[in-house]
Structure formats: C-alpha cells, structure tokens
file work-v4.txt (compact mmCIF, C-alpha atoms)
# COMPACT_ATOMS: atom_id res chain seq x y z
CA MET C 836 -18.53 -27.59 90.35
CA ALA C 837 -18.78 -24.13 88.81
CA GLY C 838 -18.52 -20.63 90.19
CA HIS C 839 -21.29 -18.07 90.27
CA THR C 840 -21.24 -14.54 91.66
CA GLU C 841 -23.75 -11.71 91.76
CA ASN C 842 -22.83 -8.21 92.87
CA ASP C 843 -24.56 -4.88 92.49
CA ILE C 844 -24.33 -1.25 93.47
CA ILE C 845 -26.50 1.85 93.17
CA ILE C 846 -24.86 4.76 91.35
CA ASP C 847 -26.43 8.16 91.98
CA ALA C 848 -26.03 9.46 88.44
CA PRO C 849 -28.05 9.62 85.22
CA LEU C 850 -28.45 6.34 83.34
CA ASP C 851 -26.87 7.74 80.18
CA LEU C 852 -23.72 8.71 82.09
CA VAL C 853 -23.47 5.35 83.88
CA TRP C 854 -23.93 3.49 80.59
CA GLU C 855 -21.46 5.70 78.72
CA VAL C 856 -18.68 5.48 81.31
CA THR C 857 -18.96 1.78 82.14
CA ASN C 858 -19.10 0.75 78.48
CA ASP C 859 -16.19 2.91 77.33
CA VAL C 860 -13.78 -0.02 77.20
CA ASP C 861 -10.97 2.18 75.85
CA HIS C 862 -10.90 4.04 79.17
CA TRP C 863 -11.25 1.09 81.55
CA PRO C 864 -7.69 1.56 82.90
CA GLN C 865 -8.89 4.95 84.21
CA LEU C 866 -12.10 3.43 85.61
CA PHE C 867 -10.86 0.15 87.14
CA THR C 868 -7.78 0.10 89.37
CA GLU C 869 -6.80 -3.45 88.38
CA TYR C 870 -6.28 -2.92 84.64
CA ALA C 871 -2.93 -1.62 83.44
CA SER C 872 -3.99 -1.48 79.79
CA VAL C 873 -6.64 -2.31 77.24
CA GLU C 874 -6.17 -2.94 73.55
CA VAL C 875 -9.27 -2.96 71.36
CA LEU C 876 -8.78 -5.66 68.74
CA GLU C 877 -12.08 -5.46 66.90
CA ARG C 878 -15.27 -3.41 66.86
CA ASP C 879 -18.41 -4.33 65.01
CA GLY C 880 -21.46 -2.30 66.02
CA ASP C 881 -22.21 -3.10 69.67
CA ARG C 882 -19.63 -5.92 69.76
CA THR C 883 -16.11 -5.23 71.03
CA VAL C 884 -13.21 -7.68 71.26
CA PHE C 885 -10.34 -6.47 73.42
CA ARG C 886 -7.28 -7.52 75.40
CA LEU C 887 -7.12 -6.59 79.08
CA THR C 888 -3.82 -6.62 80.92
CA MET C 889 -3.72 -6.40 84.70
CA TYR C 890 -1.04 -4.91 86.90
CA PRO C 891 1.39 -7.53 88.22
CA ASP C 892 0.02 -9.59 91.12
CA GLU C 893 1.79 -10.07 94.46
CA ASN C 894 4.07 -12.67 92.79
CA GLY C 895 4.92 -10.38 89.87
CA LYS C 896 2.74 -12.32 87.38
CA VAL C 897 0.95 -10.22 84.79
CA TRP C 898 -2.43 -11.65 83.76
CA SER C 899 -3.82 -10.83 80.32
CA TRP C 900 -6.70 -12.18 78.27
CA VAL C 901 -9.01 -11.42 75.36
CA SER C 902 -12.70 -10.79 76.01
CA GLU C 903 -15.73 -10.08 73.87
CA ARG C 904 -18.57 -7.75 74.96
CA VAL C 905 -21.90 -7.25 73.25
CA ALA C 906 -23.86 -4.25 74.52
CA ASP C 907 -27.61 -3.95 74.14
CA ARG C 908 -28.51 -0.36 75.01
CA ASP C 909 -32.26 -0.93 74.56
CA ALA C 910 -32.28 -3.88 76.98
CA LEU C 911 -29.71 -2.21 79.29
CA THR C 912 -27.56 -5.34 79.27
CA VAL C 913 -24.05 -6.30 78.28
CA ARG C 914 -23.00 -9.90 77.74
CA ALA C 915 -19.30 -10.65 77.94
CA LYS C 916 -17.15 -13.74 77.74
CA ARG C 917 -13.48 -14.55 77.76
CA VAL C 918 -12.24 -15.58 74.33
CA GLU C 919 -8.80 -16.48 75.69
CA THR C 920 -9.84 -18.27 78.83
CA GLY C 921 -6.46 -18.69 80.55
CA PRO C 922 -7.02 -20.63 83.82
CA PHE C 923 -10.80 -20.64 83.27
CA GLN C 924 -12.71 -23.35 81.41
CA TYR C 925 -15.14 -20.52 80.67
CA MET C 926 -16.06 -17.09 82.03
CA ASN C 927 -19.36 -15.41 81.17
CA ILE C 928 -20.44 -12.07 82.57
CA LEU C 929 -23.80 -10.31 82.40
CA TRP C 930 -24.03 -6.62 83.25
CA THR C 931 -27.52 -5.22 83.80
CA TYR C 932 -28.57 -1.65 84.50
CA THR C 933 -31.85 -0.67 86.17
CA GLU C 934 -33.11 2.81 86.98
CA THR C 935 -34.30 3.13 90.58
CA PRO C 936 -35.43 6.14 92.64
CA GLN C 937 -31.96 6.16 94.27
CA GLY C 938 -30.00 5.96 91.01
CA VAL C 939 -28.85 3.31 88.57
CA ARG C 940 -28.48 -0.22 89.87
CA MET C 941 -25.53 -1.86 88.11
CA HIS C 942 -25.55 -5.65 88.56
CA TRP C 943 -22.81 -8.07 87.55
CA THR C 944 -23.45 -11.81 87.24
CA GLN C 945 -20.40 -13.98 86.60
CA ASP C 946 -20.56 -17.66 85.76
CA PHE C 947 -17.32 -19.56 85.36
CA ALA C 948 -15.36 -22.73 86.01
CA MET C 949 -11.66 -23.10 86.61
CA LYS C 950 -9.60 -25.59 84.62
CA PRO C 951 -8.47 -28.65 86.61
CA ASP C 952 -4.83 -27.51 86.37
CA ALA C 953 -5.58 -23.88 87.35
CA PRO C 954 -3.61 -22.52 90.31
CA VAL C 955 -6.89 -21.97 92.24
CA ASP C 956 -10.26 -23.72 92.45
CA ASP C 957 -13.81 -22.48 91.85
CA ALA C 958 -14.44 -21.70 95.52
CA TRP C 959 -11.28 -19.59 95.82
CA MET C 960 -12.08 -17.72 92.60
CA THR C 961 -15.68 -17.12 93.72
CA ASP C 962 -14.43 -15.43 96.90
CA ASN C 963 -11.83 -13.48 94.95
CA ILE C 964 -14.33 -12.24 92.36
CA ASN C 965 -16.86 -11.28 95.04
CA ASN C 966 -14.27 -9.30 97.01
CA ASN C 967 -12.81 -7.64 93.94
CA SER C 968 -16.20 -6.85 92.40
CA ARG C 969 -17.32 -5.03 95.54
CA THR C 970 -14.08 -3.00 95.57
CA GLN C 971 -14.20 -2.12 91.87
CA MET C 972 -17.93 -1.31 91.92
CA ALA C 973 -17.43 1.13 94.79
CA LEU C 974 -14.61 2.85 92.89
CA ILE C 975 -16.70 2.99 89.72
CA ARG C 976 -19.65 4.43 91.67
CA ASP C 977 -17.45 7.09 93.25
CA ARG C 978 -15.85 8.08 89.94
CA ILE C 979 -19.16 8.29 88.08
CA GLU C 980 -20.91 10.18 90.90
CA GLN C 981 -18.00 12.66 90.93
CA ARG C 982 -18.41 13.13 87.16
CA ALA C 983 -22.14 13.64 87.59
CA ARG C 984 -21.55 16.33 90.24
CA VAL C 985 -19.07 18.13 87.98
CA ARG C 986 -21.60 18.06 85.11
CA GLU C 987 -24.32 19.46 87.40
CA THR C 988 -22.14 22.37 88.53
CA THR C 989 -20.52 23.24 85.22
CA PRO C 990 -22.23 26.29 83.69
CA VAL C 991 -23.45 26.05 80.15
CA THR C 992 -21.84 28.69 78.01
CA PRO C 993 -23.49 29.84 74.80
CA GLY C 994 -21.70 28.66 71.68
call {"tool": "encode", "arguments": {"input": "work-v4.txt", "output": "structure tokens"}}
result
Amino acid sequence: MAGHTENDIIIDAPLDLVWEVTNDVDHWPQLFTEYASVEVLERDGDRTVFRLTMYPDENGKVWSWVSERVADRDALTVRAKRVETGPFQYMNILWTYTETPQGVRMHWTQDFAMKPDAPVDDAWMTDNINNNSRTQMALIRDRIEQRARVRETTPVTPG
C-alpha cells in the first residue's frame, strides 16, 4: 500500500507574491512553523537541493532530510522529492498554483510509501500529512495575505 494526500487552499494575494514567498526555500523556517532550519546544498537554475531540519518531536527526536525541488514558473508547478528518504521508501510532492477569482489556489499532492521498518505505517502517515498540511497551509495563507495587505498600504516614495 502507498500513501496519497491532496490538500489545497486559496490565498488572497497576487500570484507573483504567492510564488515568490512559497518558493523562497531559504526562508521556509519563517514561513512554516515545523522547520527549525534549512541549509541549501546546491542550486542549479530552477533546481534546489536542501536539508530541512524540524523542531524536536514530542519524544525529543529531531527529524532531518535532504530534498530536491524543481520549480517551473511557466507551468506554475514545483516537483519535489526526498533524496534522503529516512523512514520513507519514497516521497514525491507536486505543488501547483492556479489563479482564481478569489485568489491563488495552492495545491499539494504527496505520494509516498513508508519503509517496512518505519515507526509508522502508510495510513498513519497519510493522516499526519493531511492534518499537518492543513495547519501549515493556513499559516502560509495568513502570512502571505498579511504581506499582501502591507504591500497594498505602503506608499510608494519617489526615488
């Protein structure tokens, strides 16, 4: 069996801002509440390889892994995968962005399978990812919408 999740949210902000903020991997610890740090290991055009480190879990364990993201601004998609898979056999993520009359729809699709010796199974991880994705997406939406409001109200001063 494998895991599959799909989650989305509408962000009431310009597409360029949503794209810029959500693809600024260097600043993910300020965007996501679960990441303690990020270390960019390699950049090549639209491809980024980086290490994410989470805050300690309820048992004090710190999870860390290396991922690779390839952004396609023209297609409004980002494909990501874990390079260091840890307890996963594989983890693939697709981010898509769609402009709607209400704002930008950001959609995450995650396909994965846990290793047989992982501490949790696919069903547990599916529930965990769904719950966490909804929480993180709401935080991301709120942070980007706040930024958009600040941009709208900041006067332009002549240079």
call {"tool": "closest_residue", "arguments": {"input": "work-v4.txt", "among": "C:Met889, C:Val884, C:Ile845, C:Met960", "to": "C:Thr935", "atoms": "only C-alpha atoms"}}
result
C:Ile845
call {"tool": "closest_residue", "arguments": {"input": "work-v4.txt", "among": "C:Ala973, C:Ala953, C:Ile844, C:Val875", "to": "C:Trp930", "atoms": "only C-alpha atoms"}}
result
C:Ile844
call {"tool": "residues_around", "arguments": {"input": "work-v4.txt", "residues": "stretch 906-913 of chain C", "least_positions_apart": "6", "cutoff": "12 Å", "atoms": "all atoms listed in the file", "output": "ChimeraX atom specification"}}
result
/C:850-851,853-855,857-860,878-884,927-934,939-945
call {"tool": "write_last_selection", "arguments": {"input": "work-v4.txt", "atoms": "C-alpha atoms", "output": "PDB file, keeping the file's coordinate frame"}}
result
ATOM      1  CA  LEU C 850     -28.450   6.340  83.340  1.00  0.00           C
ATOM      2  CA  ASP C 851     -26.870   7.740  80.180  1.00  0.00           C
ATOM      3  CA  VAL C 853     -23.470   5.350  83.880  1.00  0.00           C
ATOM      4  CA  TRP C 854     -23.930   3.490  80.590  1.00  0.00           C
ATOM      5  CA  GLU C 855     -21.460   5.700  78.720  1.00  0.00           C
ATOM      6  CA  THR C 857     -18.960   1.780  82.140  1.00  0.00           C
ATOM      7  CA  ASN C 858     -19.100   0.750  78.480  1.00  0.00           C
ATOM      8  CA  ASP C 859     -16.190   2.910  77.330  1.00  0.00           C
ATOM      9  CA  VAL C 860     -13.780  -0.020  77.200  1.00  0.00           C
ATOM     10  CA  ARG C 878     -15.270  -3.410  66.860  1.00  0.00           C
ATOM     11  CA  ASP C 879     -18.410  -4.330  65.010  1.00  0.00           C
ATOM     12  CA  GLY C 880     -21.460  -2.300  66.020  1.00  0.00           C
ATOM     13  CA  ASP C 881     -22.210  -3.100  69.670  1.00  0.00           C
ATOM     14  CA  ARG C 882     -19.630  -5.920  69.760  1.00  0.00           C
ATOM     15  CA  THR C 883     -16.110  -5.230  71.030  1.00  0.00           C
ATOM     16  CA  VAL C 884     -13.210  -7.680  71.260  1.00  0.00           C
ATOM     17  CA  ASN C 927     -19.360 -15.410  81.170  1.00  0.00           C
ATOM     18  CA  ILE C 928     -20.440 -12.070  82.570  1.00  0.00           C
ATOM     19  CA  LEU C 929     -23.800 -10.310  82.400  1.00  0.00           C
ATOM     20  CA  TRP C 930     -24.030  -6.620  83.250  1.00  0.00           C
ATOM     21  CA  THR C 931     -27.520  -5.220  83.800  1.00  0.00           C
ATOM     22  CA  TYR C 932     -28.570  -1.650  84.500  1.00  0.00           C
ATOM     23  CA  THR C 933     -31.850  -0.670  86.170  1.00  0.00           C
ATOM     24  CA  GLU C 934     -33.110   2.810  86.980  1.00  0.00           C
ATOM     25  CA  VAL C 939     -28.850   3.310  88.570  1.00  0.00           C
ATOM     26  CA  ARG C 940     -28.480  -0.220  89.870  1.00  0.00           C
ATOM     27  CA  MET C 941     -25.530  -1.860  88.110  1.00  0.00           C
ATOM     28  CA  HIS C 942     -25.550  -5.650  88.560  1.00  0.00           C
ATOM     29  CA  TRP C 943     -22.810  -8.070  87.550  1.00  0.00           C
ATOM     30  CA  THR C 944     -23.450 -11.810  87.240  1.00  0.00           C
ATOM     31  CA  GLN C 945     -20.400 -13.980  86.600  1.00  0.00           C
TER      32      GLN C 945
END
call {"tool": "atom_distance", "arguments": {"input": "work-v4.txt", "atom1": "atom CA of C:Glu919", "atom2": "atom CA of C:Glu874"}}
result
14.0 Å
call {"tool": "closest_residue", "arguments": {"input": "work-v4.txt", "among": "C:Ser902, C:Gln981, C:Asn963, C:Asn894", "to": "C:Tyr925", "atoms": "only C-alpha atoms"}}
result
C:Ser902
call {"tool": "closest_residue", "arguments": {"input": "work-v4.txt", "among": "C:Arg917, C:His839, C:Lys950, C:Arg986", "to": "C:Asn965", "atoms": "all atoms listed in the file"}}
result
C:His839
call {"tool": "atom_distance", "arguments": {"input": "work-v4.txt", "atom1": "atom CA of C:Ile846", "atom2": "atom CA of C:Arg982"}}
result
11.4 Å
call {"tool": "closest_residue", "arguments": {"input": "work-v4.txt", "among": "C:Gln937, C:Gln865, C:Thr988, C:Gln924", "to": "C:Asp957", "atoms": "all atoms listed in the file"}}
result
C:Gln924
call {"tool": "atom_distance", "arguments": {"input": "work-v4.txt", "atom1": "atom CA of C:Tyr870", "atom2": "atom CA of C:Tyr890"}}
result
6.0 Å
call {"tool": "decode", "arguments": {"input": "work-v4.txt", "residues": "stretch 878-889 of chain C", "atoms": "N, CA, C and O atoms", "output": "short mmCIF file (atom, residue, chain, number, x, y, z; two decimals), in the first residue's frame"}}
result
data_model
loop_
_atom_site.label_atom_id
_atom_site.label_comp_id
_atom_site.auth_asym_id
_atom_site.auth_seq_id
_atom_site.Cartn_x
_atom_site.Cartn_y
_atom_site.Cartn_z
N ARG C 878 22.32 24.73 -5.83
CA ARG C 878 21.35 25.42 -6.69
C ARG C 878 21.85 25.34 -8.11
O ARG C 878 23.01 25.61 -8.39
N ASP C 879 20.92 25.01 -8.99
CA ASP C 879 21.25 24.96 -10.42
C ASP C 879 20.00 25.39 -11.17
O ASP C 879 19.08 24.58 -11.37
N GLY C 880 19.93 26.67 -11.52
CA GLY C 880 18.75 27.19 -12.20
C GLY C 880 17.54 27.09 -11.30
O GLY C 880 17.52 27.61 -10.19
N ASP C 881 16.51 26.37 -11.76
CA ASP C 881 15.27 26.20 -11.00
C ASP C 881 15.30 24.99 -10.07
O ASP C 881 14.30 24.67 -9.44
N ARG C 882 16.45 24.34 -9.98
CA ARG C 882 16.60 23.15 -9.13
C ARG C 882 17.34 23.54 -7.85
O ARG C 882 18.38 24.19 -7.91
N THR C 883 16.78 23.12 -6.71
CA THR C 883 17.39 23.39 -5.42
C THR C 883 17.44 22.09 -4.62
O THR C 883 16.44 21.38 -4.52
N VAL C 884 18.60 21.79 -4.06
CA VAL C 884 18.77 20.66 -3.16
C VAL C 884 19.05 21.25 -1.78
O VAL C 884 19.91 22.13 -1.65
N PHE C 885 18.33 20.79 -0.77
CA PHE C 885 18.45 21.42 0.54
C PHE C 885 18.16 20.42 1.66
O PHE C 885 17.48 19.41 1.44
N ARG C 886 18.69 20.72 2.84
CA ARG C 886 18.42 19.93 4.03
C ARG C 886 17.44 20.69 4.91
O ARG C 886 17.66 21.85 5.24
N LEU C 887 16.35 20.03 5.27
CA LEU C 887 15.38 20.56 6.22
C LEU C 887 15.57 19.86 7.55
O LEU C 887 15.77 18.64 7.59
N THR C 888 15.51 20.63 8.62
CA THR C 888 15.57 20.07 9.96
C THR C 888 14.36 20.58 10.72
O THR C 888 14.10 21.79 10.74
N MET C 889 13.64 19.65 11.32
CA MET C 889 12.43 20.01 12.07
C MET C 889 12.79 20.29 13.53
O MET C 889 13.86 19.92 14.00
#
